[in-house]
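Q: So that you have it, the file is run_9.cif, and it contains mmCIF, C-alpha atoms:
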```
data_my_file
loop_
_atom_site.label_atom_id
_atom_site.label_comp_id
_atom_site.auth_asym_id
_atom_site.auth_seq_id
_atom_site.Cartn_x
_atom_site.Cartn_y
_atom_site.Cartn_z
CA MET P 292 -107.13 -59.39 -37.68
CA ASN P 293 -110.03 -59.77 -40.08
CA ALA P 294 -110.87 -63.25 -41.32
CA ARG P 295 -109.43 -63.85 -44.75
CA THR P 296 -110.99 -65.77 -47.61
CA LEU P 297 -109.38 -67.92 -50.26
CA CYS P 298 -109.88 -65.01 -52.62
CA ASP P 299 -107.35 -63.03 -50.56
CA LEU P 300 -104.70 -65.54 -51.64
CA ALA P 301 -105.37 -65.02 -55.35
CA ALA P 302 -101.93 -63.54 -56.12
CA PRO P 303 -99.80 -66.44 -54.85
CA LEU P 304 -102.22 -69.09 -56.06
CA THR P 305 -102.32 -67.57 -59.54
CA ALA P 306 -98.53 -67.37 -59.55
CA LEU P 307 -98.31 -71.03 -58.53
CA VAL P 308 -100.53 -72.07 -61.44
CA ALA P 309 -98.38 -69.97 -63.80
CA LEU P 310 -95.21 -71.56 -62.41
CA GLU P 311 -96.59 -75.05 -62.99
CA ALA P 312 -97.58 -74.19 -66.56
CA ARG P 313 -94.22 -72.65 -67.40
CA PHE P 314 -91.70 -74.59 -65.28
CA SER P 315 -93.21 -78.04 -64.72
CA HIS P 316 -89.90 -79.60 -65.79
CA LEU P 317 -87.99 -78.04 -62.88
CA PRO P 318 -87.38 -79.76 -59.51
CA ALA P 319 -90.43 -79.72 -57.27
CA PRO P 320 -90.29 -77.30 -54.33
CA CYS P 321 -92.16 -77.32 -51.05
CA VAL P 322 -94.87 -74.69 -51.47
CA ASN P 323 -96.10 -72.30 -48.80
CA VAL P 324 -99.02 -69.89 -49.09
CA THR P 325 -100.27 -68.23 -45.92
CA THR P 326 -102.87 -65.70 -44.83
CA ILE P 327 -100.17 -64.05 -42.73
CA TYR P 328 -98.51 -62.77 -45.93
CA PRO P 329 -101.37 -63.03 -48.44
CA ASP P 330 -99.34 -61.78 -51.43
CA ARG P 331 -96.39 -64.15 -50.84
CA LEU P 332 -95.57 -67.44 -52.53
CA GLU P 333 -92.68 -69.29 -50.92
CA LEU P 334 -90.87 -72.11 -52.67
CA SER P 335 -88.39 -74.00 -50.52
CA PHE P 336 -85.86 -76.62 -51.51
CA HIS P 337 -84.64 -79.26 -49.08
CA TYR P 338 -81.99 -81.12 -51.06
CA ASP P 339 -78.38 -82.22 -50.56
CA ASP P 340 -77.13 -79.11 -52.35
CA PHE P 341 -78.38 -75.85 -53.84
CA ALA P 342 -78.72 -77.04 -57.44
CA ALA P 343 -82.56 -76.90 -57.47
CA PHE P 344 -82.53 -73.50 -55.74
CA GLU P 345 -80.10 -72.14 -58.34
CA VAL P 346 -82.11 -73.52 -61.28
CA TRP P 347 -85.23 -71.79 -59.97
CA CYS P 348 -83.33 -68.53 -59.37
CA GLU P 349 -82.18 -68.55 -62.96
CA ALA P 350 -85.63 -69.50 -64.31
CA LEU P 351 -87.25 -66.61 -62.42
CA GLY P 352 -84.51 -64.14 -63.33
CA MET P 353 -83.43 -63.56 -59.75
CA SER P 354 -79.93 -62.16 -59.45
CA PRO P 355 -77.30 -64.23 -57.63
CA ALA P 356 -76.10 -60.93 -56.14
CA ASP P 357 -79.43 -60.64 -54.27
CA VAL P 358 -79.15 -64.05 -52.59
CA GLU P 359 -78.73 -63.92 -48.80
CA HIS P 360 -76.55 -66.60 -47.23
CA ARG P 361 -77.18 -67.82 -43.68
CA VAL P 362 -76.26 -70.71 -41.42
CA GLN P 363 -78.57 -72.32 -38.89
CA GLY P 364 -78.81 -75.46 -36.78
CA ASN P 365 -75.56 -74.83 -34.89
CA GLY P 366 -73.65 -74.65 -38.14
CA THR P 367 -75.13 -77.79 -39.70
CA THR P 368 -77.43 -76.22 -42.31
CA ALA P 369 -76.67 -73.63 -44.97
CA VAL P 370 -79.58 -71.45 -46.10
CA ARG P 371 -79.98 -69.29 -49.18
CA ILE P 372 -82.84 -66.82 -49.57
CA VAL P 373 -83.87 -64.56 -52.43
CA HIS P 374 -87.12 -62.88 -53.36
CA GLY P 375 -88.65 -61.06 -56.28
CA HIS P 376 -91.93 -60.91 -58.12
CA PHE P 377 -93.57 -63.40 -60.44
CA ALA P 378 -97.08 -63.21 -61.90
CA GLY P 379 -98.20 -60.65 -59.31
CA ALA P 380 -96.92 -62.48 -56.24
CA ASP P 381 -94.07 -61.62 -53.89
CA THR P 382 -92.08 -64.77 -54.63
CA TRP P 383 -89.50 -66.14 -52.19
CA LEU P 384 -87.05 -68.94 -52.83
CA VAL P 385 -85.43 -70.60 -49.83
CA GLY P 386 -82.82 -73.34 -50.17
CA TYR P 387 -81.50 -75.57 -47.42
CA ALA P 388 -78.46 -77.86 -47.60
CA ALA P 389 -76.46 -79.75 -45.02
CA ILE P 390 -72.99 -78.48 -44.21
CA PRO P 391 -70.67 -81.48 -44.17
CA ALA P 392 -69.00 -82.10 -40.84
CA LEU P 393 -65.27 -81.55 -40.83
CA GLU P 394 -63.17 -84.59 -40.18
CA PRO P 395 -60.97 -84.20 -37.13
CA VAL P 396 -57.25 -83.92 -37.75
CA ALA P 397 -55.07 -86.16 -35.60
CA ALA P 398 -52.53 -84.46 -33.36
CA GLY P 399 -49.09 -84.25 -34.93
CA SER P 400 -50.36 -84.55 -38.51
CA GLY P 401 -49.77 -80.89 -39.38
CA ALA P 402 -47.54 -79.62 -42.14
CA VAL P 403 -43.85 -80.24 -41.79
CA SER P 404 -41.34 -77.78 -43.18
#
```
Please express the file's structure as structure tokens.
A:
Amino acid sequence: MNARTLCDLAAPLTALVALEARFSHLPAPCVNVTTIYPDRLELSFHYDDFAAFEVWCEALGMSPADVEHRVQGNGTTAVRIVHGHFAGADTWLVGYAAIPALEPVAAGSGAVS
């Protein structure tokens, strides 16, 4: 692989500046820009729920129908992923939220007819 320069990351960095200028009032995401995918800007949200993820989806005009739903961490973490384009960058939103543990039901406490 050829060595990349900061210039190669112009698309996601420009998009990040545009996001800050336009959506500075929205919840702050974790930001990832990498030379592995030089046109990609990834915004991830590690909150108790998906509210921040959903606000960003709406702000960027990403369709709820395009959101992928996954589970990881042996069923302890829900993940939502969607991607589109913003300001010339392949923009990915990734949300993480804990899945509440189910409370055990005591034996004999089932429904009675």
Q: Considering only C-alpha atoms, can you say which of P:Ala312, P:Ala392, P:Ala302, P:Leu384 comes closest to Pro355 of chain P?
A: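 Among P:Ala312, P:Ala392, P:Ala302, P:Leu384, it is P:Leu384 that comes nearest to Pro355 of chain P.
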Q: Given the file shown, determine the residues that the PyMOL selection byres ((chain P and resi 338) around 8) selects; report them as number ranges by chain.
A: P: 336-337, 339-341, 343, 386-388
Q: Contacts of segment 379-383 of chain P at 6 Å or less, counting all atoms listed in the file, minus same-chain residues fewer than 4 places along, as an MDAnalysis selection string?
A: chainID P and resid 302:303 330:333 373:375
Q: Please compute the atom CA of Ile372 of chain P-atom CA of Ala294 of chain P distance, one decimal, in Å.
A: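 Interatomic distance here is 29.4 Å.
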Q: Determine the residue membership of the PyMOL selection byres ((chain P and resi 299) around 12) for the file above and supply it as a count of residues only.
A: 21
Q: Tell me, as JSON, numbers by chain, which residues lie within 7 Å of Ala389 of chain P, counting only C-alpha atoms; anything in the same chain fewer than 3 positions away does not count.
A: {"P": [339, 367, 368, 369]}
Q: If we count only C-alpha atoms and set the cut-off at 12 Å, which residues sit around Glu311 of chain P, ignoring sequence neighbours fewer than 6 positions away in its own chain? Please answer as a ChimeraX atom specification.
A: /P:304-305,317-320,322,378
Q: Name the closest residue to Pro391 of chain P among the candidates P:Ala342, P:Gly366, P:Arg371, P:Ser354; distances are taken between atoms, counting only C-alpha atoms.
A: P:Gly366
Q: Let me make sure I understand: among P:Cys348, P:Val385, P:Ile390, P:Cys321, which one has the smallest atom-to-atom distance to Gln363 of chain P if we use only C-alpha atoms?
A: P:Ile390
Q: What is the atom CA of Phe377 of chain P-atom CA of Leu307 of chain P distance in Å, reported with one decimal?
A: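 That distance, rounded to one decimal, is 9.2 Å.
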Q: Which distance in Å separates atom CA of Leu310 of chain P and atom CA of Arg361 of chain P, to one decimal?
A: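 Going from atom CA of Leu310 of chain P over to atom CA of Arg361 of chain P covers 26.3 Å.
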Q: Using only C-alpha atoms, can you tell me which of P:Ala306, P:Val362, P:Ala350, P:Val370 comes closest to Ser335 of chain P?
A: P:Val370
